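Source file: final11.cif; contents: mmCIF, C-alpha atoms.
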```cif
data_start
#
loop_
_atom_site.group_PDB
_atom_site.id
_atom_site.type_symbol
_atom_site.label_atom_id
_atom_site.label_comp_id
_atom_site.auth_asym_id
_atom_site.auth_seq_id
_atom_site.Cartn_x
_atom_site.Cartn_y
_atom_site.Cartn_z
ATOM 1 C CA MET C 1 13.644 83.284 33.021
ATOM 2 C CA SER C 2 17.311 84.171 33.171
ATOM 3 C CA GLY C 3 19.310 85.605 30.285
ATOM 4 C CA LYS C 4 21.406 82.462 29.995
ATOM 5 C CA THR C 5 18.343 80.242 29.587
ATOM 6 C CA LEU C 6 16.932 82.555 26.935
ATOM 7 C CA SER C 7 20.211 82.494 25.018
ATOM 8 C CA PHE C 8 20.327 78.705 25.235
ATOM 9 C CA LEU C 9 16.757 78.393 23.925
ATOM 10 C CA LEU C 10 17.520 80.827 21.091
ATOM 11 C CA LEU C 11 20.603 78.800 20.154
ATOM 12 C CA LEU C 12 18.564 75.591 20.151
ATOM 13 C CA THR C 13 15.977 77.209 17.863
ATOM 14 C CA LEU C 14 18.512 78.668 15.410
ATOM 15 C CA ALA C 15 20.860 75.695 15.127
ATOM 16 C CA PRO C 16 18.477 73.479 13.105
ATOM 17 C CA VAL C 17 17.459 76.475 10.966
ATOM 18 C CA SER C 18 21.053 77.172 9.907
ATOM 19 C CA GLY C 19 21.529 73.463 9.137
ATOM 20 C CA LEU C 20 18.349 73.547 7.072
ATOM 21 C CA ALA C 21 19.601 76.616 5.195
ATOM 22 C CA GLN C 22 22.778 74.762 4.249
ATOM 23 C CA ASP C 23 20.761 71.768 3.060
ATOM 24 C CA VAL C 24 18.422 74.005 1.007
ATOM 25 C CA ALA C 25 21.457 75.564 -0.708
ATOM 26 C CA LYS C 26 22.473 72.101 -1.925
ATOM 27 C CA THR C 27 19.039 71.000 -3.193
ATOM 28 C CA ILE C 28 17.717 71.377 -6.724
ATOM 29 C CA PRO C 29 13.977 72.038 -6.499
ATOM 30 C CA ALA C 30 11.778 70.447 -9.185
ATOM 31 C CA GLY C 31 10.746 72.966 -11.837
ATOM 32 C CA SER C 32 13.913 75.055 -11.483
ATOM 33 C CA LYS C 33 15.151 76.928 -14.525
ATOM 34 C CA VAL C 34 18.493 75.756 -15.867
ATOM 35 C CA PHE C 35 20.789 77.154 -18.489
ATOM 36 C CA ILE C 36 23.055 74.686 -20.265
ATOM 37 C CA ASN C 37 26.387 76.208 -21.242
ATOM 38 C CA PRO C 38 27.800 75.334 -24.668
ATOM 39 C CA MET C 39 30.022 72.266 -24.397
ATOM 40 C CA LYS C 40 32.554 70.465 -26.549
ATOM 41 C CA ASP C 41 31.063 68.770 -29.653
ATOM 42 C CA GLY C 42 27.597 70.166 -28.905
ATOM 43 C CA PHE C 43 27.006 67.930 -25.875
ATOM 44 C CA GLU C 44 24.541 70.525 -24.519
ATOM 45 C CA LYS C 45 22.054 69.453 -27.227
ATOM 46 C CA ASP C 46 22.366 65.790 -26.285
ATOM 47 C CA LEU C 47 21.862 66.766 -22.666
ATOM 48 C CA GLY C 48 18.735 68.799 -23.445
ATOM 49 C CA ALA C 49 17.300 65.877 -25.399
ATOM 50 C CA ALA C 50 18.160 63.459 -22.571
ATOM 51 C CA PHE C 51 16.311 65.665 -20.061
ATOM 52 C CA GLU C 52 13.221 65.301 -22.256
ATOM 53 C CA ALA C 53 13.669 61.544 -22.720
ATOM 54 C CA LYS C 54 14.227 60.867 -19.004
ATOM 55 C CA LYS C 55 11.593 63.397 -17.891
ATOM 56 C CA VAL C 56 13.932 65.406 -15.695
ATOM 57 C CA PRO C 57 11.751 67.939 -13.828
ATOM 58 C CA LEU C 58 13.731 70.996 -14.901
ATOM 59 C CA GLU C 59 12.966 73.826 -17.293
ATOM 60 C CA VAL C 60 15.759 74.473 -19.779
ATOM 61 C CA VAL C 61 16.086 78.168 -20.661
ATOM 62 C CA THR C 62 18.182 79.773 -23.363
ATOM 63 C CA GLU C 63 19.111 82.910 -21.400
ATOM 64 C CA LYS C 64 21.415 82.651 -18.421
ATOM 65 C CA GLU C 65 19.811 85.684 -16.698
ATOM 66 C CA LYS C 66 16.518 83.821 -16.400
ATOM 67 C CA ALA C 67 18.051 80.693 -14.901
ATOM 68 C CA ASP C 68 18.388 79.549 -11.283
ATOM 69 C CA PHE C 69 21.108 77.042 -12.089
ATOM 70 C CA GLU C 70 23.654 76.597 -14.836
ATOM 71 C CA ILE C 71 25.072 73.384 -16.205
ATOM 72 C CA SER C 72 28.637 73.268 -17.463
ATOM 73 C CA GLY C 73 30.808 70.359 -18.382
ATOM 74 C CA THR C 74 32.687 68.471 -21.026
ATOM 75 C CA SER C 75 32.392 65.407 -23.175
ATOM 76 C CA GLU C 76 34.882 63.252 -25.059
ATOM 77 C CA SER C 77 34.199 60.736 -27.732
ATOM 78 C CA LYS C 78 36.495 58.199 -29.376
ATOM 79 C CA LYS C 79 35.202 56.132 -32.271
ATOM 80 C CA ALA C 80 36.236 52.480 -32.495
ATOM 81 C CA GLY C 81 39.369 52.106 -34.617
ATOM 82 C CA VAL C 82 40.328 49.192 -36.836
ATOM 83 C CA ALA C 83 42.202 47.543 -33.961
ATOM 84 C CA LYS C 84 39.204 47.708 -31.634
ATOM 85 C CA ILE C 85 36.886 46.328 -34.299
ATOM 86 C CA LEU C 86 39.229 43.464 -35.300
ATOM 87 C CA ILE C 87 40.819 42.569 -31.961
ATOM 88 C CA MET C 88 38.133 43.435 -29.426
ATOM 89 C CA GLY C 89 35.213 42.772 -31.776
ATOM 90 C CA SER C 90 33.427 45.999 -30.857
ATOM 91 C CA VAL C 91 32.204 48.771 -33.118
ATOM 92 C CA HIS C 92 30.938 50.953 -30.290
ATOM 93 C CA SER C 93 32.622 54.207 -29.357
ATOM 94 C CA SER C 94 34.239 55.097 -26.040
ATOM 95 C CA GLU C 95 32.506 57.995 -24.335
ATOM 96 C CA GLN C 96 33.150 60.018 -21.261
ATOM 97 C CA ALA C 97 31.376 63.086 -19.968
ATOM 98 C CA SER C 98 31.145 65.178 -16.858
ATOM 99 C CA ILE C 99 28.644 67.844 -15.855
ATOM 100 C CA THR C 100 28.424 70.280 -12.950
ATOM 101 C CA ILE C 101 25.318 72.161 -11.790
ATOM 102 C CA THR C 102 26.002 75.494 -10.135
ATOM 103 C CA ASN C 103 23.550 77.625 -8.195
ATOM 104 C CA LEU C 104 23.752 81.008 -9.910
ATOM 105 C CA LYS C 105 22.737 82.920 -6.771
ATOM 106 C CA THR C 106 25.354 81.428 -4.474
ATOM 107 C CA GLY C 107 27.927 80.445 -7.097
ATOM 108 C CA GLU C 108 28.328 77.028 -5.425
ATOM 109 C CA ALA C 109 28.379 73.705 -7.244
ATOM 110 C CA VAL C 110 25.369 71.748 -5.977
ATOM 111 C CA TRP C 111 25.715 68.553 -7.975
ATOM 112 C CA ALA C 112 28.120 66.989 -10.422
ATOM 113 C CA TYR C 113 28.400 63.682 -12.198
ATOM 114 C CA SER C 114 30.951 61.854 -14.361
ATOM 115 C CA VAL C 115 30.261 58.984 -16.696
ATOM 116 C CA ASN C 116 32.582 56.713 -18.664
ATOM 117 C CA LYS C 117 31.372 54.131 -21.155
ATOM 118 C CA THR C 118 33.968 51.983 -22.934
ATOM 119 C CA ASN C 119 31.428 50.557 -25.371
ATOM 120 C CA SER C 120 28.660 53.108 -25.637
ATOM 121 C CA ALA C 121 25.686 51.606 -27.469
ATOM 122 C CA HIS C 122 24.309 54.987 -28.554
ATOM 123 C CA GLY C 123 27.373 57.228 -28.399
ATOM 124 C CA LYS C 124 26.850 60.593 -26.712
ATOM 125 C CA ARG C 125 23.165 59.845 -26.232
ATOM 126 C CA SER C 126 24.055 57.120 -23.710
ATOM 127 C CA THR C 127 26.297 59.349 -21.603
ATOM 128 C CA ALA C 128 23.806 62.240 -21.728
ATOM 129 C CA GLU C 129 20.980 59.951 -20.613
ATOM 130 C CA ALA C 130 23.126 58.585 -17.771
ATOM 131 C CA CYS C 131 23.654 62.162 -16.556
ATOM 132 C CA ALA C 132 19.941 62.920 -16.912
ATOM 133 C CA LYS C 133 18.922 59.754 -15.029
ATOM 134 C CA HIS C 134 21.173 60.523 -12.074
ATOM 135 C CA LEU C 135 20.117 64.180 -12.022
ATOM 136 C CA LYS C 136 16.469 63.089 -11.880
ATOM 137 C CA GLU C 137 17.309 60.831 -8.937
ATOM 138 C CA LYS C 138 18.991 63.757 -7.184
ATOM 139 C CA ILE C 139 15.946 66.042 -7.708
ATOM 140 C CA ASP C 140 13.490 63.344 -6.657
ATOM 141 C CA SER C 141 15.467 62.603 -3.487
ATOM 142 C CA LYS C 142 15.016 66.289 -2.439
ATOM 143 C CA LYS C 143 18.394 66.208 -0.669
ATOM 144 C CA MET K 1 131.569 69.677 -12.042
ATOM 145 C CA PHE K 2 130.602 73.163 -10.905
ATOM 146 C CA HIS K 3 128.610 73.627 -14.049
ATOM 147 C CA ARG K 4 126.628 70.421 -13.408
ATOM 148 C CA ILE K 5 125.859 71.404 -9.824
ATOM 149 C CA SER K 6 124.699 74.849 -10.877
ATOM 150 C CA CYS K 7 122.437 73.274 -13.545
ATOM 151 C CA LEU K 8 120.983 70.904 -10.953
ATOM 152 C CA LEU K 9 120.345 73.760 -8.513
ATOM 153 C CA LEU K 10 118.744 75.840 -11.271
ATOM 154 C CA PHE K 11 116.507 72.904 -12.211
ATOM 155 C CA LEU K 12 115.519 72.318 -8.572
ATOM 156 C CA SER K 13 114.713 75.990 -7.998
ATOM 157 C CA ALA K 14 112.672 76.123 -11.194
ATOM 158 C CA PHE K 15 110.785 72.927 -10.150
ATOM 159 C CA ALA K 16 110.135 74.353 -6.678
ATOM 160 C CA THR K 17 108.821 77.604 -8.165
ATOM 161 C CA GLY K 18 106.517 75.711 -10.542
ATOM 162 C CA THR K 19 105.161 73.564 -7.724
ATOM 163 C CA PHE K 20 104.540 76.636 -5.583
ATOM 164 C CA ALA K 21 102.763 78.335 -8.491
ATOM 165 C CA GLN K 22 100.447 75.295 -8.831
ATOM 166 C CA THR K 23 99.766 74.982 -5.118
ATOM 167 C CA THR K 24 99.087 78.656 -4.500
ATOM 168 C CA PRO K 25 95.632 78.806 -6.162
ATOM 169 C CA SER K 26 94.517 75.573 -4.484
ATOM 170 C CA SER K 27 95.517 76.980 -1.110
ATOM 171 C CA THR K 28 93.220 79.950 -1.751
ATOM 172 C CA THR K 29 90.286 77.706 -2.863
ATOM 173 C CA PRO K 30 88.982 76.997 0.652
ATOM 174 C CA ALA K 31 88.897 80.694 1.372
ATOM 175 C CA ALA K 32 87.016 81.331 -1.853
ATOM 176 C CA SER K 33 84.601 78.488 -1.108
ATOM 177 C CA GLU K 34 84.069 79.911 2.357
ATOM 178 C CA GLN K 35 83.229 83.252 0.798
ATOM 179 C CA SER K 36 80.829 81.715 -1.702
ATOM 180 C CA ALA K 37 79.267 79.606 1.062
ATOM 181 C CA SER K 38 78.703 82.648 3.213
ATOM 182 C CA LYS K 39 76.689 84.432 0.503
ATOM 183 C CA PRO K 40 73.798 81.972 0.064
ATOM 184 C CA ALA K 41 73.557 81.543 3.841
ATOM 185 C CA ASP K 42 71.612 84.806 3.945
ATOM 186 C CA VAL K 43 69.217 83.566 1.241
ATOM 187 C CA ILE K 44 68.606 80.133 2.820
ATOM 188 C CA ASP K 45 67.817 81.697 6.181
ATOM 189 C CA LYS K 46 64.046 81.211 5.624
ATOM 190 C CA GLU K 47 61.455 78.631 6.582
ATOM 191 C CA PRO K 48 61.481 75.740 4.095
ATOM 192 C CA PRO K 49 58.378 75.470 1.861
ATOM 193 C CA ALA K 50 57.793 71.893 3.010
ATOM 194 C CA GLU K 51 56.810 73.196 6.440
ATOM 195 C CA LEU K 52 54.311 75.621 4.931
ATOM 196 C CA SER K 53 52.594 72.873 2.990
ATOM 197 C CA LYS K 54 51.612 71.208 6.286
ATOM 198 C CA GLU K 55 49.148 74.008 6.962
ATOM 199 C CA LYS K 56 45.700 72.703 7.863
ATOM 200 C CA ILE K 57 42.937 72.954 5.255
ATOM 201 C CA PRO K 58 39.659 73.619 7.096
ATOM 202 C CA ALA K 59 36.657 71.475 6.165
ATOM 203 C CA GLY K 60 34.015 73.462 4.278
ATOM 204 C CA SER K 61 36.554 75.748 2.605
ATOM 205 C CA LYS K 62 35.507 77.335 -0.658
ATOM 206 C CA VAL K 63 37.524 76.096 -3.591
ATOM 207 C CA TYR K 64 37.755 77.460 -7.110
ATOM 208 C CA ILE K 65 38.916 75.025 -9.777
ATOM 209 C CA ALA K 66 40.719 76.796 -12.609
ATOM 210 C CA PRO K 67 39.844 75.673 -16.160
ATOM 211 C CA LEU K 68 41.748 72.446 -16.945
ATOM 212 C CA LYS K 69 40.435 71.667 -20.454
ATOM 213 C CA GLY K 70 37.308 70.061 -19.024
ATOM 214 C CA TYR K 71 39.063 68.134 -16.250
ATOM 215 C CA GLU K 72 37.716 70.645 -13.701
ATOM 216 C CA SER K 73 34.250 69.184 -14.208
ATOM 217 C CA PHE K 74 35.543 65.659 -13.495
ATOM 218 C CA LEU K 75 37.236 66.965 -10.346
ATOM 219 C CA THR K 76 34.024 68.610 -9.118
ATOM 220 C CA ALA K 77 32.092 65.393 -9.688
ATOM 221 C CA ALA K 78 34.795 63.428 -7.880
ATOM 222 C CA PHE K 79 34.687 65.785 -4.870
ATOM 223 C CA ILE K 80 30.956 65.263 -4.594
ATOM 224 C CA LYS K 81 31.141 61.488 -5.094
ATOM 225 C CA LYS K 82 33.958 61.006 -2.587
ATOM 226 C CA GLY K 83 32.421 63.413 -0.053
ATOM 227 C CA THR K 84 35.446 65.706 -0.001
ATOM 228 C CA PRO K 85 34.542 68.397 2.556
ATOM 229 C CA VAL K 86 34.983 71.443 0.298
ATOM 230 C CA VAL K 87 32.532 73.766 -1.433
ATOM 231 C CA VAL K 88 33.281 74.268 -5.113
ATOM 232 C CA VAL K 89 32.541 77.807 -6.312
ATOM 233 C CA ASN K 90 32.591 79.267 -9.810
ATOM 234 C CA ASN K 91 34.196 82.578 -8.917
ATOM 235 C CA PRO K 92 37.820 82.862 -7.721
ATOM 236 C CA GLU K 93 36.953 85.970 -5.683
ATOM 237 C CA MET K 94 34.636 83.910 -3.486
ATOM 238 C CA ALA K 95 37.212 81.173 -2.920
ATOM 239 C CA ASP K 96 39.642 80.501 -0.098
ATOM 240 C CA TYR K 97 41.707 78.121 -2.226
ATOM 241 C CA GLU K 98 42.359 77.599 -5.907
ATOM 242 C CA ILE K 99 43.062 74.290 -7.614
ATOM 243 C CA SER K 100 45.097 74.288 -10.804
ATOM 244 C CA GLY K 101 46.801 71.478 -12.656
ATOM 245 C CA VAL K 102 47.104 69.435 -15.786
ATOM 246 C CA SER K 103 45.777 66.135 -17.079
ATOM 247 C CA GLU K 104 46.802 63.852 -19.934
ATOM 248 C CA SER K 105 45.060 60.949 -21.526
ATOM 249 C CA HIS K 106 46.345 58.302 -23.965
ATOM 250 C CA GLN K 107 43.972 55.876 -25.621
ATOM 251 C CA ALA K 108 45.001 52.235 -25.985
ATOM 252 C CA GLY K 109 46.686 51.514 -29.314
ATOM 253 C CA TRP K 110 46.459 48.338 -31.393
ATOM 254 C CA ALA K 111 49.534 46.801 -29.751
ATOM 255 C CA LYS K 112 48.067 47.200 -26.268
ATOM 256 C CA MET K 113 44.808 45.645 -27.423
ATOM 257 C CA LEU K 114 46.556 42.768 -29.208
ATOM 258 C CA PHE K 115 49.269 41.871 -26.702
ATOM 259 C CA LEU K 116 47.713 42.953 -23.410
ATOM 260 C CA GLY K 117 44.058 42.530 -24.325
ATOM 261 C CA SER K 118 43.310 45.919 -22.756
ATOM 262 C CA GLU K 119 41.475 48.825 -24.324
ATOM 263 C CA GLN K 120 41.717 51.006 -21.231
ATOM 264 C CA SER K 121 43.432 54.350 -21.469
ATOM 265 C CA ASN K 122 46.531 55.671 -19.705
ATOM 266 C CA GLU K 123 45.716 58.627 -17.517
ATOM 267 C CA GLN K 124 47.868 61.012 -15.624
ATOM 268 C CA ALA K 125 46.981 64.150 -13.758
ATOM 269 C CA SER K 126 48.584 66.573 -11.399
ATOM 270 C CA VAL K 127 46.771 69.097 -9.231
ATOM 271 C CA VAL K 128 47.986 71.818 -6.881
ATOM 272 C CA MET K 129 45.886 73.592 -4.281
ATOM 273 C CA THR K 130 46.948 77.132 -3.442
ATOM 274 C CA LYS K 131 45.728 79.409 -0.675
ATOM 275 C CA MET K 132 44.364 82.538 -2.316
ATOM 276 C CA LYS K 133 45.377 84.977 0.431
ATOM 277 C CA THR K 134 48.996 83.901 0.751
ATOM 278 C CA GLY K 135 49.629 82.237 -2.610
ATOM 279 C CA VAL K 136 51.221 79.279 -0.816
ATOM 280 C CA ALA K 137 50.684 75.796 -2.220
ATOM 281 C CA VAL K 138 49.120 73.810 0.612
ATOM 282 C CA TRP K 139 48.504 70.517 -1.166
ATOM 283 C CA GLY K 140 49.445 68.785 -4.369
ATOM 284 C CA TYR K 141 48.964 65.334 -5.825
ATOM 285 C CA ASN K 142 50.072 63.387 -8.908
ATOM 286 C CA VAL K 143 48.275 60.367 -10.239
ATOM 287 C CA ASN K 144 49.256 57.966 -13.010
ATOM 288 C CA LYS K 145 47.045 55.087 -14.047
ATOM 289 C CA THR K 146 48.345 52.753 -16.753
ATOM 290 C CA ASN K 147 45.013 50.988 -17.208
ATOM 291 C CA SER K 148 42.440 53.476 -16.030
ATOM 292 C CA TYR K 149 39.179 51.630 -15.513
ATOM 293 C CA LYS K 150 37.015 54.732 -15.911
ATOM 294 C CA GLY K 151 39.324 57.142 -17.762
ATOM 295 C CA LYS K 152 39.502 60.663 -16.331
ATOM 296 C CA GLN K 153 36.902 59.738 -13.719
ATOM 297 C CA SER K 154 39.372 57.339 -12.053
ATOM 298 C CA SER K 155 42.233 59.830 -11.905
ATOM 299 C CA SER K 156 40.019 62.644 -10.623
ATOM 300 C CA GLU K 157 38.549 60.394 -7.921
ATOM 301 C CA ALA K 158 42.075 59.498 -6.793
ATOM 302 C CA CYS K 159 42.789 63.222 -6.378
ATOM 303 C CA ALA K 160 39.522 63.741 -4.476
ATOM 304 C CA LYS K 161 40.212 60.796 -2.172
ATOM 305 C CA HIS K 162 43.648 62.089 -1.247
ATOM 306 C CA LEU K 163 42.425 65.655 -0.740
ATOM 307 C CA LYS K 164 39.762 64.310 1.609
ATOM 308 C CA ALA K 165 42.444 62.426 3.548
ATOM 309 C CA ARG K 166 44.564 65.602 3.729
ATOM 310 C CA ILE K 167 41.674 67.690 5.073
ATOM 311 C CA GLU K 168 40.765 65.025 7.611
ATOM 312 C CA GLY K 169 44.394 64.913 8.735
ATOM 313 C CA ARG K 170 45.031 61.326 7.644
ATOM 314 C CA GLU K 171 47.846 62.334 5.255
#
```
Represent the structure contained in this file as structure tokens.
Amino acid sequence: MSGKTLSFLLLLTLAPVSGLAQDVAKTIPAGSKVFINPMKDGFEKDLGAAFEAKKVPLEVVTEKEKADFEISGTSESKKAGVAKILIMGSVHSSEQASITITNLKTGEAVWAYSVNKTNSAHGKRSTAEACAKHLKEKIDSKK
Amino acid sequence: MFHRISCLLLFLSAFATGTFAQTTPSSTTPAASEQSASKPADVIDKEPPAELSKEKIPAGSKVYIAPLKGYESFLTAAFIKKGTPVVVVNNPEMADYEISGVSESHQAGWAKMLFLGSEQSNEQASVVMTKMKTGVAVWGYNVNKTNSYKGKQSSSEACAKHLKARIEGRE
């Protein structure tokens, strides 16, 4: 077998492996340890509770050194004012939140999600559970 | 008679001198303007920044988003949702490019709710992408949404969409 053929076969073998390595870097394996960074208005607590409620297959740890991934983000909340209650007839708050999951080994963001609810039925709990639901879908999809 | 003529001549000479005195500085103005024009010519003799901003941004580049009071998280989510071909990293030393900017948000007041029937916020954001090695701004985008359907999410997705178009060479 000539050298060129060998090189070609080697290239064919390695090409899918490198593609697989890139895909693995973007996946969040079930059972991974995550550290949730402190967020505005204590949203990290709502997020932790939402992971429990939605059965997200991740283990939340309190020390960053023990974690595989870290979650950072922000949340904003605006309670319904008099105008909204009288004119729009809604007492629900407006909520928006955004979270990013970063692989601590590579330093790359592997997943992120934003949510905006104009009339949030359960305030921060609703936005946290929306994040948790979509994160669970991401983990279950294994992509 | 002689006295009148001498007065007239004196007046004419004085008038001519005054006119010459007024015209002399204006005659030197073009020379001065030529001198002042020649000075900045040395400074301008550089490539305009607009040409530098057309530099190609390779797909798969590593991007660090500087803290933007929480807006950086919305931007990251928007990049992922819109499939912008960049890798967001959390360390500027690992990055090829850095994104910085500003965002502002104004909630709907009672007048907007009453007269326009809208409770959607006004959003505006501006982001600049700089190449870390050279410090040259390679891309920038401003967005202003009067009735933002999804708040910061809408403005950040607009930025992500346009960055994707820039990387793919459509803008």
Could you make a table, as JSON lines, of the residues of chain C that have an atom within 7 Å of an atom of chain K, each with its nearest atom pair and distance in Å to one decimal, counting all atoms listed in the file, in chain and number order?
```
{"residue": "C:Gly73", "atom": "CA", "partner": "K:Ser73", "partner_atom": "CA", "distance": 5.5}
{"residue": "C:Thr74", "atom": "CA", "partner": "K:Gly70", "partner_atom": "CA", "distance": 5.3}
{"residue": "C:Ala83", "atom": "CA", "partner": "K:Trp110", "partner_atom": "CA", "distance": 5.0}
{"residue": "C:Ile87", "atom": "CA", "partner": "K:Leu114", "partner_atom": "CA", "distance": 6.4}
{"residue": "C:Ser98", "atom": "CA", "partner": "K:Phe74", "partner_atom": "CA", "distance": 5.6}
{"residue": "C:Ile99", "atom": "CA", "partner": "K:Ser73", "partner_atom": "CA", "distance": 6.0}
{"residue": "C:Thr100", "atom": "CA", "partner": "K:Ser73", "partner_atom": "CA", "distance": 6.1}
{"residue": "C:Gly107", "atom": "CA", "partner": "K:Val89", "partner_atom": "CA", "distance": 5.4}
{"residue": "C:Glu108", "atom": "CA", "partner": "K:Val89", "partner_atom": "CA", "distance": 4.4}
{"residue": "C:Ala109", "atom": "CA", "partner": "K:Val88", "partner_atom": "CA", "distance": 5.4}
{"residue": "C:Ala112", "atom": "CA", "partner": "K:Ala77", "partner_atom": "CA", "distance": 4.3}
{"residue": "C:Tyr113", "atom": "CA", "partner": "K:Ala77", "partner_atom": "CA", "distance": 4.8}
{"residue": "C:Ser114", "atom": "CA", "partner": "K:Ala77", "partner_atom": "CA", "distance": 6.0}
{"residue": "C:Asn116", "atom": "CA", "partner": "K:Lys150", "partner_atom": "CA", "distance": 5.6}
```
On this structure, which residues satisfy the PyMOL selection byres ((chain C and resi 56-68) around 10), written as a PyMOL selection string?
-> chain C and resi 28-37+48+50-55+69-70+102-106+132-137+139-140
Could you save those same residues with C-alpha atoms as a PDB file, in the frame of the given file?
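selection.pdb, freshly written:
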```
ATOM      1  CA  ILE C  28      17.717  71.377  -6.724  1.00  0.00           C
ATOM      2  CA  PRO C  29      13.977  72.038  -6.499  1.00  0.00           C
ATOM      3  CA  ALA C  30      11.778  70.447  -9.185  1.00  0.00           C
ATOM      4  CA  GLY C  31      10.746  72.966 -11.837  1.00  0.00           C
ATOM      5  CA  SER C  32      13.913  75.055 -11.483  1.00  0.00           C
ATOM      6  CA  LYS C  33      15.151  76.928 -14.525  1.00  0.00           C
ATOM      7  CA  VAL C  34      18.493  75.756 -15.867  1.00  0.00           C
ATOM      8  CA  PHE C  35      20.789  77.154 -18.489  1.00  0.00           C
ATOM      9  CA  ILE C  36      23.055  74.686 -20.265  1.00  0.00           C
ATOM     10  CA  ASN C  37      26.387  76.208 -21.242  1.00  0.00           C
ATOM     11  CA  GLY C  48      18.735  68.799 -23.445  1.00  0.00           C
ATOM     12  CA  ALA C  50      18.160  63.459 -22.571  1.00  0.00           C
ATOM     13  CA  PHE C  51      16.311  65.665 -20.061  1.00  0.00           C
ATOM     14  CA  GLU C  52      13.221  65.301 -22.256  1.00  0.00           C
ATOM     15  CA  ALA C  53      13.669  61.544 -22.720  1.00  0.00           C
ATOM     16  CA  LYS C  54      14.227  60.867 -19.004  1.00  0.00           C
ATOM     17  CA  LYS C  55      11.593  63.397 -17.891  1.00  0.00           C
ATOM     18  CA  PHE C  69      21.108  77.042 -12.089  1.00  0.00           C
ATOM     19  CA  GLU C  70      23.654  76.597 -14.836  1.00  0.00           C
ATOM     20  CA  THR C 102      26.002  75.494 -10.135  1.00  0.00           C
ATOM     21  CA  ASN C 103      23.550  77.625  -8.195  1.00  0.00           C
ATOM     22  CA  LEU C 104      23.752  81.008  -9.910  1.00  0.00           C
ATOM     23  CA  LYS C 105      22.737  82.920  -6.771  1.00  0.00           C
ATOM     24  CA  THR C 106      25.354  81.428  -4.474  1.00  0.00           C
ATOM     25  CA  ALA C 132      19.941  62.920 -16.912  1.00  0.00           C
ATOM     26  CA  LYS C 133      18.922  59.754 -15.029  1.00  0.00           C
ATOM     27  CA  HIS C 134      21.173  60.523 -12.074  1.00  0.00           C
ATOM     28  CA  LEU C 135      20.117  64.180 -12.022  1.00  0.00           C
ATOM     29  CA  LYS C 136      16.469  63.089 -11.880  1.00  0.00           C
ATOM     30  CA  GLU C 137      17.309  60.831  -8.937  1.00  0.00           C
ATOM     31  CA  ILE C 139      15.946  66.042  -7.708  1.00  0.00           C
ATOM     32  CA  ASP C 140      13.490  63.344  -6.657  1.00  0.00           C
TER      33      ASP C 140
END
```
Expressed in Å to a single decimal, how great is the separation between CA of Pro38 in chain C and CA of Ala66 in chain K?
->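 So the two atoms, CA of Pro38 in chain C and CA of Ala66 in chain K, lie 17.7 Å apart.
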Do you know which residues the PyMOL selection byres ((chain K and resi 123) around 8) returns on this file, as a VMD selection string?
-> chain K and resid 103 to 106 121 to 122 124 to 125 143 to 148 151 to 152 155
Go ahead and compute the interatomic distance for CA of Lys161 in chain K and CA of Met129 in chain K, in Å to one decimal.
->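 Spanning CA of Lys161 in chain K to CA of Met129 in chain K is a straight-line distance of 14.2 Å.
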Nearest to Pro67 in chain K, restricted to all atoms listed in the file and choosing among C:Ser120, C:Ser93, C:Ser77, C:Ser72, comes out as C:Ser72
As a check of understanding: the span from CA of Ala137 in chain K to CA of Val110 in chain C is 25.9 Å
Enclosing box along x, y and z for every listed atom of range 140-153 of chain K, padded 6 Å each side, centre and size in Å, one decimal, as lines of an AutoDock Vina configuration file:
```
center_x = 43.5
center_y = 59.9
center_z = -11.1
size_x = 25.2
size_y = 29.8
size_z = 25.4
```
Which of these residues is nearest to Cys131 in chain C, using only C-alpha atoms: C:Val82, C:Gly89, C:Ala49, C:Asn119?
-> C:Ala49
Would you kindly translate the PyMOL selection byres ((chain K and resi 135) around 12) into the concrete residues it picks from this file, as a list in words?
-> Pro49, Leu52, Ser53, Asp96, Tyr97, Glu98, Ile99, Val128, Met129, Thr130, Lys131, Met132, Lys133, Thr134, Val136, Ala137, Val138 and Trp139 of chain K
N, CA and C atoms modelled onto range 120-127 of chain K, as a PDB file, in the coordinates of the input:
```pdb
ATOM      1  N   GLN K 120      41.835  49.902 -22.182  1.00  0.00           N
ATOM      2  CA  GLN K 120      41.717  51.006 -21.231  1.00  0.00           C
ATOM      3  C   GLN K 120      42.832  52.026 -21.452  1.00  0.00           C
ATOM      4  N   SER K 121      42.494  53.259 -21.176  1.00  0.00           N
ATOM      5  CA  SER K 121      43.432  54.350 -21.469  1.00  0.00           C
ATOM      6  C   SER K 121      44.462  54.530 -20.358  1.00  0.00           C
ATOM      7  N   ASN K 122      45.534  55.246 -20.705  1.00  0.00           N
ATOM      8  CA  ASN K 122      46.531  55.671 -19.705  1.00  0.00           C
ATOM      9  C   ASN K 122      46.161  57.088 -19.292  1.00  0.00           C
ATOM     10  N   GLU K 123      46.102  57.299 -18.011  1.00  0.00           N
ATOM     11  CA  GLU K 123      45.716  58.627 -17.517  1.00  0.00           C
ATOM     12  C   GLU K 123      46.756  59.134 -16.549  1.00  0.00           C
ATOM     13  N   GLN K 124      47.056  60.396 -16.665  1.00  0.00           N
ATOM     14  CA  GLN K 124      47.868  61.012 -15.624  1.00  0.00           C
ATOM     15  C   GLN K 124      47.386  62.438 -15.383  1.00  0.00           C
ATOM     16  N   ALA K 125      47.437  62.813 -14.136  1.00  0.00           N
ATOM     17  CA  ALA K 125      46.981  64.150 -13.758  1.00  0.00           C
ATOM     18  C   ALA K 125      47.807  64.657 -12.589  1.00  0.00           C
ATOM     19  N   SER K 126      47.872  65.943 -12.501  1.00  0.00           N
ATOM     20  CA  SER K 126      48.584  66.573 -11.399  1.00  0.00           C
ATOM     21  C   SER K 126      47.813  67.824 -10.992  1.00  0.00           C
ATOM     22  N   VAL K 127      47.512  67.924  -9.710  1.00  0.00           N
ATOM     23  CA  VAL K 127      46.771  69.097  -9.231  1.00  0.00           C
ATOM     24  C   VAL K 127      47.495  69.739  -8.050  1.00  0.00           C
TER      25      VAL K 127
END
```
